[in-house]
Amino acid sequence: CKVEIPWYMEFQKKYKESGLSVVGVSVDEDGWKSVKPFLEAKQVNYPVVIGDWDLAGRFGITALPVTLLIDRNGKVADLHVGMVDKDAFDREIQILLKDSAAKEPAK
């Protein structure tokens, strides 16, 4: 997780204007007590919420880390258990954003 956070920060900056929103969910037992200082020290540029294992279970998550790609309709487009490959995940984001843009109605 700590290895991937800089990647997610990069993706947030790189794709924000294309519609990507990175949201972190921590299930740390100490909650904000341990999470907030870490986020501030790393200057994380995306929102992070505190979740729990009940929430994780709703997505079928039983182990960490897990990375979900959720499309604009709220559907889970992809789920990765374990550390993601940065370049492969970047390509998945590009494909999802391209597919989402193609499905948007013309303005």
# chains A, B, ... in the order shown; residues from 1 in each chain; ligands from 1
call {"tool": "residues_around", "arguments": {"residues": "A:Glu92", "least_positions_apart": "4", "cutoff": "9 Å", "atoms": "only C-alpha atoms", "output": "ChimeraX atom specification"}}
result
/A:69,78,87-88,96-97
call {"tool": "select_by_dssp", "arguments": {"residues": "chain A", "states": "strand (DSSP E or B)", "output": "list of chain:residue names"}}
result
A:Gly24, A:Val25, A:Ser26, A:Val48, A:Val49, A:Ile50, A:Val66, A:Thr67, A:Leu68, A:Leu69, A:Ile70, A:Val76, A:Ala77, A:Asp78, A:Leu79, A:His80, A:Val81
call {"tool": "write_last_selection", "arguments": {"atoms": "N, CA and C atoms", "output": "PDB file, in the first residue's frame"}}
result
ATOM      1  N   GLY A  24      -8.861   6.775  -1.540  1.00  0.00           N
ATOM      2  CA  GLY A  24      -8.251   5.743  -0.711  1.00  0.00           C
ATOM      3  C   GLY A  24      -9.196   5.339   0.403  1.00  0.00           C
ATOM      4  N   VAL A  25      -9.173   4.082   0.753  1.00  0.00           N
ATOM      5  CA  VAL A  25      -9.957   3.585   1.884  1.00  0.00           C
ATOM      6  C   VAL A  25      -8.998   2.840   2.803  1.00  0.00           C
ATOM      7  N   SER A  26      -8.931   3.287   4.034  1.00  0.00           N
ATOM      8  CA  SER A  26      -8.072   2.630   5.015  1.00  0.00           C
ATOM      9  C   SER A  26      -8.935   1.810   5.969  1.00  0.00           C
ATOM     10  N   VAL A  48      -9.056  10.296   1.367  1.00  0.00           N
ATOM     11  CA  VAL A  48      -8.955   8.980   1.991  1.00  0.00           C
ATOM     12  C   VAL A  48     -10.029   8.913   3.071  1.00  0.00           C
ATOM     13  N   VAL A  49     -10.754   7.820   3.089  1.00  0.00           N
ATOM     14  CA  VAL A  49     -11.789   7.614   4.095  1.00  0.00           C
ATOM     15  C   VAL A  49     -11.422   6.395   4.934  1.00  0.00           C
ATOM     16  N   ILE A  50     -11.996   6.346   6.115  1.00  0.00           N
ATOM     17  CA  ILE A  50     -11.796   5.197   6.984  1.00  0.00           C
ATOM     18  C   ILE A  50     -12.959   4.241   6.754  1.00  0.00           C
ATOM     19  N   VAL A  66      -5.857  -4.085  -1.951  1.00  0.00           N
ATOM     20  CA  VAL A  66      -6.783  -4.299  -3.059  1.00  0.00           C
ATOM     21  C   VAL A  66      -6.951  -2.971  -3.774  1.00  0.00           C
ATOM     22  N   THR A  67      -6.967  -3.016  -5.084  1.00  0.00           N
ATOM     23  CA  THR A  67      -7.192  -1.822  -5.891  1.00  0.00           C
ATOM     24  C   THR A  67      -8.378  -2.089  -6.801  1.00  0.00           C
ATOM     25  N   LEU A  68      -9.352  -1.200  -6.749  1.00  0.00           N
ATOM     26  CA  LEU A  68     -10.539  -1.301  -7.589  1.00  0.00           C
ATOM     27  C   LEU A  68     -10.534  -0.193  -8.620  1.00  0.00           C
ATOM     28  N   LEU A  69     -10.938  -0.509  -9.822  1.00  0.00           N
ATOM     29  CA  LEU A  69     -11.238   0.506 -10.828  1.00  0.00           C
ATOM     30  C   LEU A  69     -12.754   0.506 -10.959  1.00  0.00           C
ATOM     31  N   ILE A  70     -13.372   1.619 -10.646  1.00  0.00           N
ATOM     32  CA  ILE A  70     -14.824   1.736 -10.696  1.00  0.00           C
ATOM     33  C   ILE A  70     -15.173   2.725 -11.789  1.00  0.00           C
ATOM     34  N   VAL A  76     -17.797  -1.950 -10.749  1.00  0.00           N
ATOM     35  CA  VAL A  76     -16.396  -2.340 -10.604  1.00  0.00           C
ATOM     36  C   VAL A  76     -15.913  -2.867 -11.948  1.00  0.00           C
ATOM     37  N   ALA A  77     -15.006  -2.120 -12.572  1.00  0.00           N
ATOM     38  CA  ALA A  77     -14.479  -2.495 -13.885  1.00  0.00           C
ATOM     39  C   ALA A  77     -13.307  -3.459 -13.756  1.00  0.00           C
ATOM     40  N   ASP A  78     -12.577  -3.378 -12.650  1.00  0.00           N
ATOM     41  CA  ASP A  78     -11.444  -4.271 -12.437  1.00  0.00           C
ATOM     42  C   ASP A  78     -11.096  -4.287 -10.959  1.00  0.00           C
ATOM     43  N   LEU A  79     -10.590  -5.411 -10.492  1.00  0.00           N
ATOM     44  CA  LEU A  79     -10.202  -5.574  -9.100  1.00  0.00           C
ATOM     45  C   LEU A  79      -8.855  -6.289  -9.061  1.00  0.00           C
ATOM     46  N   HIS A  80      -7.917  -5.696  -8.334  1.00  0.00           N
ATOM     47  CA  HIS A  80      -6.577  -6.283  -8.186  1.00  0.00           C
ATOM     48  C   HIS A  80      -6.340  -6.609  -6.721  1.00  0.00           C
ATOM     49  N   VAL A  81      -5.984  -7.832  -6.431  1.00  0.00           N
ATOM     50  CA  VAL A  81      -5.590  -8.223  -5.085  1.00  0.00           C
ATOM     51  C   VAL A  81      -4.071  -8.311  -5.087  1.00  0.00           C
TER      52      VAL A  81
END
call {"tool": "residues_around", "arguments": {"residues": "A:Lys98", "least_positions_apart": "4", "cutoff": "12 Å", "atoms": "only C-alpha atoms", "output": "PyMOL selection string"}}
result
chain A and resi 15+18-20+71-72+91-94+102-104
call {"tool": "closest_residue", "arguments": {"among": "A:Leu55, A:Leu39, A:Ile95, A:Met83", "to": "A:Met9", "atoms": "only C-alpha atoms"}}
result
A:Leu39
call {"tool": "atom_distance", "arguments": {"atom1": "atom CA of A:Cys1", "atom2": "atom CA of A:Pro65"}}
result
6.0 Å
call {"tool": "atom_distance", "arguments": {"atom1": "atom CA of A:Val23", "atom2": "atom CA of A:Tyr46"}}
result
6.1 Å
call {"tool": "atom_distance", "arguments": {"atom1": "atom CA of A:Pro47", "atom2": "atom CA of A:Val22"}}
result
7.3 Å
